[in-house]
file model-v7.cif (mmCIF, C-alpha atoms)
data_work
#
loop_
_atom_site.label_atom_id
_atom_site.label_comp_id
_atom_site.auth_asym_id
_atom_site.auth_seq_id
_atom_site.Cartn_x
_atom_site.Cartn_y
_atom_site.Cartn_z
CA MET L 32 -0.37 51.13 170.58
CA ASN L 33 0.03 54.29 168.55
CA LYS L 34 1.52 54.49 165.07
CA LYS L 35 4.93 55.59 166.29
CA GLY L 36 5.00 52.63 168.59
CA GLN L 37 4.16 50.28 165.76
CA ILE L 38 7.00 51.61 163.67
CA LEU L 39 9.43 51.26 166.55
CA ALA L 40 8.23 47.77 167.26
CA ARG L 41 8.69 46.77 163.65
CA GLN L 42 12.21 48.14 163.62
CA LEU L 43 12.95 46.31 166.83
CA ILE L 44 11.68 43.05 165.40
CA ILE L 45 13.77 43.43 162.25
CA ILE L 46 16.89 44.22 164.22
CA ALA L 47 16.23 41.46 166.69
CA SER L 48 15.68 38.98 163.86
CA TRP L 49 19.03 39.86 162.33
CA ALA L 50 20.66 39.61 165.72
CA VAL L 51 19.21 36.15 166.25
CA LEU L 52 20.33 35.06 162.79
CA LEU L 53 23.88 36.28 163.33
CA PHE L 54 23.92 34.75 166.78
CA THR L 55 22.93 31.42 165.21
CA VAL L 56 25.75 31.60 162.72
CA VAL L 57 28.25 32.41 165.45
CA LEU L 58 26.95 29.52 167.52
CA MET L 59 27.41 27.14 164.55
CA PHE L 60 31.09 28.00 164.29
CA LEU L 61 31.44 27.73 168.03
CA PHE L 62 29.83 24.30 168.17
CA GLN L 63 31.84 23.11 165.18
CA SER L 64 35.03 23.87 167.05
CA PHE L 65 33.88 21.48 169.75
CA ALA L 66 33.76 18.63 167.27
CA LYS L 67 36.53 16.08 167.59
CA ASP L 68 38.92 14.47 165.05
CA GLU L 69 40.00 16.29 161.90
CA ALA L 70 38.33 19.61 162.63
CA ARG L 71 40.50 19.97 165.70
CA THR L 72 43.72 19.61 163.72
CA SER L 73 45.67 22.80 164.06
CA LEU L 74 46.12 24.52 160.72
CA ASN L 75 49.88 24.73 161.01
CA THR L 76 50.62 21.03 161.30
CA VAL L 77 51.12 18.74 158.35
CA GLN L 78 50.21 15.12 158.52
CA GLY L 79 52.60 12.66 156.97
CA SER L 80 56.28 12.23 157.52
CA THR L 81 58.80 15.07 157.48
CA ALA L 82 61.22 12.53 156.04
CA GLU L 83 59.14 12.66 152.85
CA SER L 84 59.86 16.37 152.46
CA THR L 85 63.57 15.82 152.97
CA LEU L 86 63.66 12.89 150.55
CA ALA L 87 61.90 14.95 147.88
CA ALA L 88 64.41 17.78 148.34
CA TYR L 89 67.32 15.32 148.42
CA LEU L 90 66.38 13.82 145.06
CA ARG L 91 65.60 17.20 143.50
CA HIS L 92 68.66 19.21 144.51
CA THR L 93 71.23 19.61 141.76
CA VAL L 94 74.88 18.59 141.41
CA VAL L 95 77.40 18.98 138.58
CA ILE L 96 78.42 15.97 136.49
CA ALA L 97 80.97 16.55 133.73
CA GLY L 98 80.07 20.21 133.52
CA ASP L 99 76.30 19.73 133.38
CA ARG L 100 74.03 20.54 136.29
CA VAL L 101 71.74 17.58 136.90
CA PRO L 102 69.26 16.57 139.61
CA PHE L 103 70.77 14.40 142.31
CA ALA L 104 68.48 11.52 141.29
CA GLU L 105 70.42 11.33 138.03
CA ALA L 106 73.76 11.38 139.87
CA LEU L 107 72.45 8.59 142.03
CA ALA L 108 71.46 6.60 138.92
CA LEU L 109 74.96 7.15 137.49
CA ALA L 110 76.59 6.02 140.73
CA VAL L 111 74.53 2.82 140.72
CA MET L 112 75.16 2.20 137.00
CA THR L 113 78.92 2.52 137.49
CA ASP L 114 78.97 0.97 140.99
CA ASN L 115 80.73 4.03 142.35
CA GLN L 116 79.38 5.04 145.75
CA LEU L 117 82.08 7.66 146.22
CA LEU L 118 80.31 9.71 143.60
CA ILE L 119 77.40 10.35 145.96
CA LYS L 120 78.81 9.51 149.40
CA LYS L 121 79.76 13.01 150.45
CA GLU L 122 76.65 14.58 149.02
CA SER L 123 74.39 12.04 150.77
CA GLU L 124 76.06 12.48 154.15
CA ASP L 125 76.22 16.27 153.99
CA PHE L 126 72.81 16.99 152.51
CA SER L 127 70.45 18.85 154.77
CA MET L 128 67.68 21.38 154.24
CA ILE L 129 68.31 24.92 155.38
CA GLY L 130 66.62 25.55 158.68
CA SER L 131 65.94 21.90 159.41
CA ASN L 132 66.93 20.54 162.81
CA ILE L 133 68.00 17.07 161.81
CA LEU L 134 69.64 15.14 164.64
CA SER L 135 70.64 12.17 162.50
CA LYS L 136 69.89 10.73 159.09
CA ARG L 137 70.50 7.60 157.07
CA VAL L 138 70.22 6.87 153.36
CA HIS L 139 69.98 3.24 152.27
CA ILE L 140 70.32 2.49 148.57
CA THR L 141 69.66 -0.99 147.21
CA ALA L 142 69.83 -2.19 143.64
CA ASP L 143 70.98 -5.24 141.70
CA GLY L 144 74.23 -6.19 143.49
CA ILE L 145 74.37 -2.93 145.41
CA ASP L 146 73.66 -2.21 149.07
CA TRP L 147 74.92 1.15 150.30
CA VAL L 148 74.27 2.89 153.58
CA PHE L 149 75.28 6.50 154.26
CA GLY L 150 74.97 8.07 157.68
CA GLU L 151 73.68 6.58 160.90
CA LEU L 152 70.44 6.82 162.79
CA ARG L 153 69.68 7.72 166.37
CA GLY L 154 66.71 9.20 168.12
CA ASP L 155 63.08 8.84 167.04
CA PRO L 156 63.16 8.46 163.24
CA THR L 157 60.61 9.01 160.50
CA PHE L 158 60.89 7.14 157.22
CA ALA L 159 60.35 7.67 153.53
CA SER L 160 61.26 5.64 150.50
CA THR L 161 60.97 5.62 146.74
CA VAL L 162 61.94 3.54 143.74
CA LEU L 163 63.83 4.95 140.75
CA LEU L 164 64.31 3.21 137.42
CA LEU L 165 67.61 2.91 135.55
CA PRO L 166 67.82 3.16 131.75
CA ASN L 167 67.79 -0.63 131.50
CA GLY L 168 64.56 -0.83 133.51
CA LYS L 169 66.13 -2.12 136.73
CA GLU L 170 65.04 -0.64 140.03
CA VAL L 171 66.96 1.35 142.61
CA LYS L 172 65.31 1.56 146.00
CA VAL L 173 66.10 4.62 148.12
CA GLU L 174 65.13 4.50 151.78
CA TYR L 175 65.57 7.61 153.84
CA ALA L 176 65.25 7.92 157.60
CA GLU L 177 65.78 10.96 159.76
CA ALA L 178 65.41 11.97 163.37
CA ARG L 179 64.85 15.59 164.24
CA ILE L 180 65.65 17.59 167.31
CA SER L 181 62.24 18.21 168.89
CA MET I 248 0.40 45.17 164.93
CA LYS I 249 -1.34 42.93 162.48
CA ARG I 250 -2.53 39.57 163.70
CA GLY I 251 -0.29 37.80 161.21
CA PHE I 252 2.74 39.06 163.05
CA PHE I 253 1.97 36.95 166.09
CA ILE I 254 1.77 33.86 163.92
CA PHE I 255 4.90 34.27 161.83
CA GLU I 256 7.25 35.81 164.35
CA PRO I 257 7.18 32.82 166.67
CA LEU I 258 7.61 30.53 163.70
CA VAL I 259 10.69 32.40 162.58
CA VAL I 260 12.15 32.22 166.07
CA LEU I 261 11.43 28.51 166.17
CA VAL I 262 13.26 28.06 162.85
CA PHE I 263 16.31 29.83 164.24
CA ILE I 264 16.23 27.74 167.37
CA GLY I 265 15.92 24.65 165.21
CA MET I 266 19.01 25.67 163.23
CA ILE I 267 20.98 26.05 166.44
CA ALA I 268 19.78 22.67 167.59
CA ILE I 269 20.82 20.96 164.36
CA ALA I 270 24.23 22.61 164.44
CA ALA I 271 24.79 21.55 168.01
CA PHE I 272 23.58 18.03 167.33
CA ILE I 273 25.82 17.61 164.29
CA SER I 274 28.93 18.90 165.96
CA LEU I 275 28.49 17.40 169.39
CA ASN I 276 27.13 13.99 168.47
CA ASP I 277 30.00 11.48 168.68
CA ALA I 278 28.19 8.57 167.07
CA GLY I 279 28.30 9.85 163.48
CA LYS I 280 31.51 11.92 163.17
CA ILE I 281 30.35 13.52 159.97
CA ALA I 282 33.31 14.97 158.15
CA LEU I 283 32.46 18.65 157.96
CA ARG I 284 36.11 19.48 157.97
CA PRO I 285 37.44 22.98 157.46
CA ALA I 286 39.10 23.57 154.11
CA GLY I 287 42.41 24.47 155.69
CA SER I 288 43.27 21.10 157.11
CA HIS I 289 42.07 19.48 153.92
CA GLY I 290 44.59 21.51 151.97
CA LEU I 291 47.38 20.58 154.35
CA HIS I 292 46.35 16.95 154.23
CA LEU I 293 46.66 17.01 150.45
CA LEU I 294 49.99 18.82 150.65
CA SER I 295 51.54 16.15 152.84
CA TYR I 296 50.64 13.49 150.29
CA TYR I 297 51.66 15.68 147.38
CA ILE I 298 55.13 15.77 148.86
CA SER I 299 55.32 11.99 148.82
CA ALA I 300 53.99 11.98 145.23
CA GLU I 301 56.94 14.21 144.41
CA SER I 302 59.40 11.42 145.24
CA ASP I 303 57.27 8.49 144.16
CA VAL I 304 55.94 9.78 140.85
CA PHE I 305 57.33 13.08 139.61
CA VAL I 306 61.07 12.62 140.21
CA PRO I 307 61.14 9.13 138.63
CA ARG I 308 59.17 10.49 135.70
CA GLU I 309 61.62 13.34 135.19
CA LEU I 310 64.48 10.88 135.38
CA GLN I 311 62.92 8.79 132.61
CA ALA I 312 62.52 11.94 130.54
CA ARG I 313 66.18 12.77 131.00
CA TYR I 314 67.21 9.31 129.80
CA SER I 315 65.07 9.86 126.68
CA ILE I 316 66.56 13.29 126.03
CA GLU I 317 70.14 12.12 126.34
CA ASP I 318 69.49 9.19 124.00
CA ALA I 319 67.62 11.36 121.49
CA ILE I 320 70.50 13.85 121.18
CA TYR I 321 72.81 11.07 120.04
CA ARG I 322 70.29 9.77 117.51
CA LEU I 323 69.68 13.25 116.15
CA ALA I 324 73.41 13.72 115.65
CA ALA I 325 73.74 10.33 113.96
CA GLY I 326 71.00 11.31 111.53
CA ALA I 327 72.54 14.76 110.87
CA GLY I 328 69.39 16.51 112.06
CA ALA I 329 66.91 13.70 111.43
CA PRO I 330 66.20 10.67 113.70
CA GLY I 331 69.10 8.27 113.13
CA GLU I 332 70.85 5.19 114.44
CA GLY I 333 72.94 4.82 117.53
CA GLY I 334 72.07 6.32 120.88
CA CYS I 335 73.55 6.93 124.28
CA LYS I 336 75.87 4.26 125.67
CA PHE I 337 74.75 4.56 129.28
CA SER I 338 77.64 4.16 131.72
CA GLY I 339 77.96 0.71 133.19
CA MET I 340 75.15 -0.68 131.05
CA LYS I 341 75.76 -3.52 128.64
CA ARG I 342 73.73 -1.81 125.97
CA ALA I 343 74.77 -2.61 122.42
CA ILE I 344 74.79 0.59 120.42
CA PRO I 345 74.86 0.04 116.65
CA GLU I 346 77.82 1.52 114.85
CA ILE I 347 76.86 4.93 113.53
CA PRO I 348 76.76 4.66 109.75
CA TYR I 349 78.14 7.22 107.31
CA ILE I 350 75.03 8.70 105.77
CA PRO I 351 75.05 10.41 102.37
CA VAL I 352 75.32 14.14 102.84
CA GLN I 353 72.02 15.98 102.87
CA PRO I 354 70.87 19.51 103.72
CA ILE I 355 70.94 20.07 107.46
CA PRO I 356 67.46 20.95 108.77
CA LYS I 357 66.79 24.37 110.20
CA ILE I 358 66.53 24.85 113.97
CA ASP I 359 62.71 24.68 114.03
CA ALA I 360 62.69 21.33 112.26
CA LEU I 361 65.47 20.12 114.57
CA ARG I 362 63.47 21.07 117.64
CA ASN I 363 60.41 19.30 116.26
CA SER I 364 62.39 16.15 115.49
CA LEU I 365 63.98 16.13 118.92
CA GLY I 366 60.69 16.81 120.68
CA THR I 367 58.96 14.05 118.74
CA MET I 368 61.70 11.53 119.47
CA ILE I 369 61.61 12.32 123.16
CA GLY I 370 57.81 12.20 123.31
CA VAL I 371 57.71 8.81 121.61
CA THR I 372 60.30 7.16 123.85
CA LEU I 373 59.12 8.71 127.08
CA GLY I 374 56.59 6.07 127.97
CA ALA I 375 54.89 8.18 130.62
CA PRO I 376 51.30 7.47 131.65
CA VAL I 377 50.26 10.91 130.48
CA PRO I 378 50.99 12.33 127.05
CA TYR I 379 53.44 15.21 127.10
CA ILE I 380 54.03 18.02 124.70
CA VAL I 381 57.79 18.53 124.54
CA ALA I 382 59.28 21.94 123.82
CA VAL I 383 62.96 22.43 123.02
CA HIS I 384 64.77 25.71 123.65
CA ASP I 385 68.36 26.98 123.55
CA PRO I 386 71.04 26.15 124.47
CA LEU I 387 69.41 22.84 125.22
CA VAL I 388 66.45 23.26 127.50
CA VAL I 389 63.71 20.68 127.15
CA VAL I 390 60.37 21.22 128.82
CA GLY I 391 57.70 18.56 129.02
CA VAL I 392 54.18 19.78 129.75
CA PRO I 393 51.42 17.23 130.37
CA LEU I 394 48.58 17.53 127.90
CA LYS I 395 45.96 16.64 130.46
CA PRO I 396 45.68 16.56 134.23
CA GLU I 397 46.28 13.25 135.88
CA ARG I 398 44.20 11.88 138.70
CA PHE I 399 46.05 11.15 141.93
CA GLU I 400 44.39 9.46 144.80
CA VAL I 401 45.23 10.70 148.28
CA PRO I 402 45.75 7.70 150.52
CA PHE I 403 43.87 8.34 153.72
CA PRO I 404 45.50 7.20 156.96
CA PRO I 405 43.64 4.22 158.46
CA GLU I 406 41.90 6.20 161.18
CA VAL I 407 40.51 8.65 158.61
CA GLN I 408 39.55 5.85 156.21
CA ALA I 409 37.67 4.17 159.06
CA ILE I 410 35.39 7.19 159.36
CA TYR I 411 34.38 6.81 155.74
CA ASP I 412 33.92 3.09 156.01
CA GLU I 413 31.27 3.37 158.70
CA LYS I 414 27.68 2.57 157.91
CA PRO I 415 25.76 5.83 157.69
CA SER I 416 23.25 6.62 160.33
CA TRP I 417 19.78 7.75 159.44
CA TYR I 418 20.48 11.44 159.87
CA GLU I 419 23.62 11.27 157.75
CA GLU I 420 21.60 9.84 154.93
CA LEU I 421 18.97 12.46 155.55
CA LEU I 422 21.51 15.23 155.31
CA GLY I 423 22.92 13.67 152.15
CA THR I 424 26.63 14.10 152.76
CA ALA I 425 27.43 12.01 149.66
CA LYS I 426 29.88 10.18 151.87
CA TYR I 427 29.30 6.88 150.21
CA SER I 428 29.13 7.96 146.61
CA GLY I 429 32.19 6.22 145.21
CA ASN I 430 33.98 7.01 148.45
CA VAL I 431 34.26 10.64 147.45
CA HIS I 432 33.09 13.13 149.99
CA ARG I 433 31.67 16.36 148.70
CA LEU I 434 33.85 18.38 151.05
CA PHE I 435 36.87 16.11 151.36
CA ASN I 436 37.76 14.88 147.92
CA LYS I 437 40.47 12.24 147.98
CA TYR I 438 41.42 12.86 144.37
CA TYR I 439 43.44 15.76 143.03
CA TYR I 440 44.46 16.59 139.51
CA PRO I 441 47.91 18.06 139.11
CA ARG I 442 49.65 18.87 135.87
CA VAL I 443 53.31 18.66 136.71
CA ALA I 444 55.80 19.67 134.04
CA TRP I 445 59.51 18.83 133.99
CA THR I 446 62.50 20.77 132.70
CA ALA I 447 65.93 19.47 131.72
CA SER I 448 68.81 21.73 130.73
CA TYR I 449 72.23 20.88 129.39
CA ASN I 450 75.29 22.76 128.13
CA TYR I 451 74.87 21.21 124.66
CA PRO I 452 74.48 24.16 122.23
CA LEU I 453 71.95 22.64 119.85
CA LYS I 454 71.39 25.67 117.63
CA GLU I 455 75.07 26.58 117.25
CA ILE I 456 76.16 23.04 116.50
CA TYR I 457 73.67 22.46 113.73
CA ALA I 458 74.25 25.93 112.29
CA GLN I 459 77.97 25.13 112.12
CA LEU I 460 77.20 21.70 110.66
CA SER I 461 75.13 23.33 107.94
CA GLN I 462 77.90 25.85 107.30
CA GLY I 463 80.42 23.02 107.00
CA VAL I 464 78.33 20.98 104.58
CA THR I 465 77.83 24.05 102.36
CA LYS I 466 81.57 24.78 102.46
CA LEU I 467 82.56 21.23 101.53
CA GLU I 468 80.04 21.12 98.70
CA VAL I 469 82.16 23.80 97.02
CA CYS I 470 84.60 20.99 96.22
CA ARG I 471 82.01 19.52 93.88
CA GLN I 472 83.51 20.97 90.68
CA LYS I 473 82.60 19.72 87.25
CA ASN I 474 85.53 18.08 85.42
CA ALA I 475 87.85 18.54 88.42
CA THR I 476 90.57 15.98 88.90
CA ALA I 477 90.67 13.68 91.90
CA ALA I 478 93.83 15.35 93.18
CA LEU I 479 92.20 18.76 92.98
CA ILE I 480 89.15 17.58 94.89
CA GLN I 481 91.38 15.97 97.52
CA LEU I 482 93.25 19.23 97.91
CA CYS I 483 89.98 21.13 98.19
CA VAL I 484 88.58 18.80 100.82
CA ASP I 485 91.73 18.94 102.95
CA ASP I 486 91.77 22.69 102.71
CA LYS I 487 88.10 23.08 103.63
CA LEU I 488 88.35 20.69 106.59
CA LYS I 489 91.30 22.61 107.96
CA ALA I 490 89.36 25.85 107.63
CA LEU I 491 86.25 24.33 109.23
CA ASN I 492 88.19 23.13 112.25
CA ALA I 493 89.26 26.71 112.80
CA GLU I 494 85.87 28.28 112.07
CA THR I 495 83.51 25.90 113.88
CA PRO I 496 84.40 25.89 117.61
CA ASN I 497 81.69 23.35 118.42
CA LEU I 498 82.67 20.74 115.84
CA ALA I 499 85.80 18.70 115.12
CA TRP I 500 86.02 17.58 111.46
CA THR I 501 88.10 14.52 110.53
CA LEU I 502 88.52 12.81 107.19
CA THR I 503 88.49 9.15 108.19
CA LYS I 504 88.64 7.57 104.76
CA ASN I 505 88.67 8.51 101.12
CA GLU I 506 88.48 6.84 97.74
CA THR I 507 89.83 9.28 95.21
CA ALA I 508 88.98 6.97 92.32
CA SER I 509 85.28 7.11 93.13
CA TYR I 510 85.42 10.66 94.58
CA LYS I 511 84.12 9.45 97.94
CA TYR I 512 85.10 11.08 101.22
CA TRP I 513 84.06 9.82 104.64
CA VAL I 514 83.99 12.63 107.20
CA GLU I 515 83.44 12.21 110.92
CA ILE I 516 82.26 15.28 112.85
CA MET I 517 82.52 15.25 116.62
CA HIS I 518 80.25 17.56 118.61
CA LYS I 519 82.02 19.44 121.40
CA LEU I 520 82.12 22.55 123.50
CA PRO I 521 84.70 25.22 122.62
CA ASN I 522 88.13 24.38 124.04
CA SER I 523 87.18 20.75 124.69
CA GLU I 524 87.88 17.51 122.87
CA SER I 525 84.36 16.14 122.81
CA TYR I 526 81.00 16.52 124.54
CA LYS I 527 79.15 13.69 126.21
CA MET I 528 75.76 13.80 127.88
CA PRO I 529 76.04 13.26 131.66
CA LEU I 530 75.09 9.58 131.75
CA CYS I 531 76.74 8.52 128.50
CA ASP I 532 80.18 7.11 127.76
CA ASN I 533 80.29 7.70 124.00
CA PRO I 534 80.90 11.06 122.31
CA ILE I 535 78.27 12.65 120.09
CA VAL I 536 79.24 12.26 116.43
CA THR I 537 77.82 12.77 112.97
CA ARG I 538 79.22 10.76 110.07
CA LEU I 539 78.74 12.00 106.52
CA LEU I 540 79.70 10.54 103.16
CA PHE I 541 80.51 13.08 100.48
CA THR I 542 80.46 11.84 96.89
CA PHE I 543 81.77 14.41 94.44
CA ALA I 544 81.36 12.38 91.28
#

call {"tool": "encode", "arguments": {"input": "model-v7.cif", "output": "structure tokens"}}
result
Amino acid sequence: MNKKGQILARQLIIIASWAVLLFTVVLMFLFQSFAKDEARTSLNTVQGSTAESTLAAYLRHTVVIAGDRVPFAEALALAVMTDNQLLIKKESEDFSMIGSNILSKRVHITADGIDWVFGELRGDPTFASTVLLLPNGKEVKVEYAEARIS
Amino acid sequence: MKRGFFIFEPLVVLVFIGMIAIAAFISLNDAGKIALRPAGSHGLHLLSYYISAESDVFVPRELQARYSIEDAIYRLAAGAGAPGEGGCKFSGMKRAIPEIPYIPVQPIPKIDALRNSLGTMIGVTLGAPVPYIVAVHDPLVVVGVPLKPERFEVPFPPEVQAIYDEKPSWYEELLGTAKYSGNVHRLFNKYYYPRVAWTASYNYPLKEIYAQLSQGVTKLEVCRQKNATAALIQLCVDDKLKALNAETPNLAWTLTKNETASYKYWVEIMHKLPNSESYKMPLCDNPIVTRLLFTFA
């Protein structure tokens, strides 16, 4: 082989080596996509209950009490402390997140001597719950369930 | 070509083929299910549990902070700018609040000292698992920032936990995925470290109220005249209180008791918003008051 041929061959080997390397990398990603379980989870789905998102928003959204804007969790604490479910009844039944397609929802609040239910449930529900503390250390359990239009 | 080429080039090709083989084996072998998960689904997995931490941890913590703030405002007022007695009488709670005493008049602290006192009181009573630094702004905006990140554990669903509970196979140990090192996977960490701050804002005008309180104390001190008669001091006090009620829109001054013989005057000052009778924090039944004892002897 003459010198020009050797140079060409060397270039070809270098290019071919890079091509093989890149091909290997591409194959790795391709084979990884064949793997089962978590790697197959589509990137636009969230595991966990959608009710948790709604419950978080429900407790965080603000209402006005005696001129002050407070989080709804505080209004809920006040309602339990004064045993006045009317204070939060309308807000609990009407609350919904913008853009959500909630078919039905139910809020169940239990505390010392208190057992309130707002709304009613139908369809295939998801659940979320939390526990809030009152100033005297007693617990208020909030259970939220919702069913969405699929 | 040099002879060495025909030795190394096949070796290089064999290495590449070996890499492909390992990749295929890892991804296609069902027995091990090694968690080489893409970062995207890991982030979403964390996010779904972060949302539940929002309701389970962060909202209750903010609620506790708000209870502390509302109680601290009352105690600050009772102490005329320093931590004092009393507190918030939470609605519906059988909480015995001590009667707010009449404290001897003293200089009202400046706004910076007031903010420090309030922040310290709130920080002490908060009782959160992480220490907070509390900042107070106007009108009354209180921000609590955690001093250190807090470790949260992401609860894996059972089917995911089962993958990590499996006994490793020989090649998993060979590859060293650190799957069994304290149950923390090098690519799928089940712990995350947020630093979540809270903010509480109220209509209570902290700066204005204590500025007016300071103005009022200075004005009333004018009645301390050497060799003045009791009647003259009484006249002075009545006159100044009337003027203060007109000049301080956030305070209502009332002379509750006086002993002219000993030159003592008990003054109750109610904190309020302009054009209102009194101001109460949202969860509290009692009004915010300061009680001062002026002795002009």

call {"tool": "atom_distance", "arguments": {"input": "model-v7.cif", "atom1": "CA of Ala475 in chain I", "atom2": "CA of Phe543 in chain I"}}
result
9.5 Å

call {"tool": "residues_near_point", "arguments": {"input": "model-v7.cif", "point": "(60.7, 4.5, 132.4)", "cutoff": "9 Å", "atoms": "all atoms listed in the file", "output": "PyMOL selection string"}}
result
(chain L and resi 163-168) or (chain I and resi 307-308+310-312+314-315+372-375)

call {"tool": "write_last_selection", "arguments": {"input": "model-v7.cif", "atoms": "C-alpha atoms", "output": "PDB file, in the frame of the given file"}}
result
ATOM      1  CA  LEU L 163      63.830   4.950 140.750  1.00  0.00           C
ATOM      2  CA  LEU L 164      64.310   3.210 137.420  1.00  0.00           C
ATOM      3  CA  LEU L 165      67.610   2.910 135.550  1.00  0.00           C
ATOM      4  CA  PRO L 166      67.820   3.160 131.750  1.00  0.00           C
ATOM      5  CA  ASN L 167      67.790  -0.630 131.500  1.00  0.00           C
ATOM      6  CA  GLY L 168      64.560  -0.830 133.510  1.00  0.00           C
TER       7      GLY L 168
ATOM      8  CA  PRO I 307      61.140   9.130 138.630  1.00  0.00           C
ATOM      9  CA  ARG I 308      59.170  10.490 135.700  1.00  0.00           C
ATOM     10  CA  LEU I 310      64.480  10.880 135.380  1.00  0.00           C
ATOM     11  CA  GLN I 311      62.920   8.790 132.610  1.00  0.00           C
ATOM     12  CA  ALA I 312      62.520  11.940 130.540  1.00  0.00           C
ATOM     13  CA  TYR I 314      67.210   9.310 129.800  1.00  0.00           C
ATOM     14  CA  SER I 315      65.070   9.860 126.680  1.00  0.00           C
ATOM     15  CA  THR I 372      60.300   7.160 123.850  1.00  0.00           C
ATOM     16  CA  LEU I 373      59.120   8.710 127.080  1.00  0.00           C
ATOM     17  CA  GLY I 374      56.590   6.070 127.970  1.00  0.00           C
ATOM     18  CA  ALA I 375      54.890   8.180 130.620  1.00  0.00           C
TER      19      ALA I 375
END

call {"tool": "resolve_selection", "arguments": {"input": "model-v7.cif", "expression": "the PyMOL selection byres ((chain I and resi 498-506) around 8)", "output": "MDAnalysis selection string"}}
result
chainID I and resid 456 459:460 488 491:492 495:497 507:520

call {"tool": "resolve_selection", "arguments": {"input": "model-v7.cif", "expression": "the PyMOL selection byres ((chain L and resi 127) around 12)", "output": "NGL selection string"}}
result
:L and (82 or 84-90 or 92 or 121-126 or 128-137 or 177 or 179)

call {"tool": "closest_residue", "arguments": {"input": "model-v7.cif", "among": "I:Glu397, I:Glu455, I:Asp532, I:Asp486", "to": "Pro441 in chain I", "atoms": "all atoms listed in the file"}}
result
I:Glu397

call {"tool": "atom_distance", "arguments": {"input": "model-v7.cif", "atom1": "CA of Pro396 in chain I", "atom2": "CA of Lys169 in chain L"}}
result
27.8 Å

call {"tool": "resolve_selection", "arguments": {"input": "model-v7.cif", "expression": "the PyMOL selection byres ((chain I and resi 380) around 9)", "output": "list in words"}}
result
Gly366, Thr367, Gly370, Pro378, Tyr379, Val381, Ala382, Val390, Gly391, Val392, Pro393 and Leu394 of chain I

call {"tool": "atom_distance", "arguments": {"input": "model-v7.cif", "atom1": "CA of Val148 in chain L", "atom2": "CA of Pro529 in chain I"}}
result
24.3 Å

call {"tool": "closest_residue", "arguments": {"input": "model-v7.cif", "among": "L:Val171, L:Ile38, L:Leu52, L:Ile145", "to": "Asn115 in chain L", "atoms": "only C-alpha atoms"}}
result
L:Ile145

call {"tool": "closest_residue", "arguments": {"input": "model-v7.cif", "among": "I:Tyr457, I:Phe399, I:Tyr526, I:Phe541", "to": "chain L", "atoms": "only C-alpha atoms"}}
result
I:Tyr526

call {"tool": "closest_residue", "arguments": {"input": "model-v7.cif", "among": "I:Asn450, I:Lys487, I:Tyr349, I:Ala270", "to": "Val95 in chain L", "atoms": "only C-alpha atoms"}}
result
I:Asn450

call {"tool": "residues_around", "arguments": {"input": "model-v7.cif", "residues": "Ile44 in chain L", "least_positions_apart": "4", "cutoff": "12 Å", "atoms": "only C-alpha atoms", "output": "PyMOL selection string"}}
result
(chain L and resi 37-40+48-51) or (chain I and resi 248+252-253+255-257+259-260)

call {"tool": "closest_residue", "arguments": {"input": "model-v7.cif", "among": "L:Ala47, L:Met112, L:Ala106, L:Val57", "to": "chain I", "atoms": "all atoms listed in the file"}}
result
L:Met112
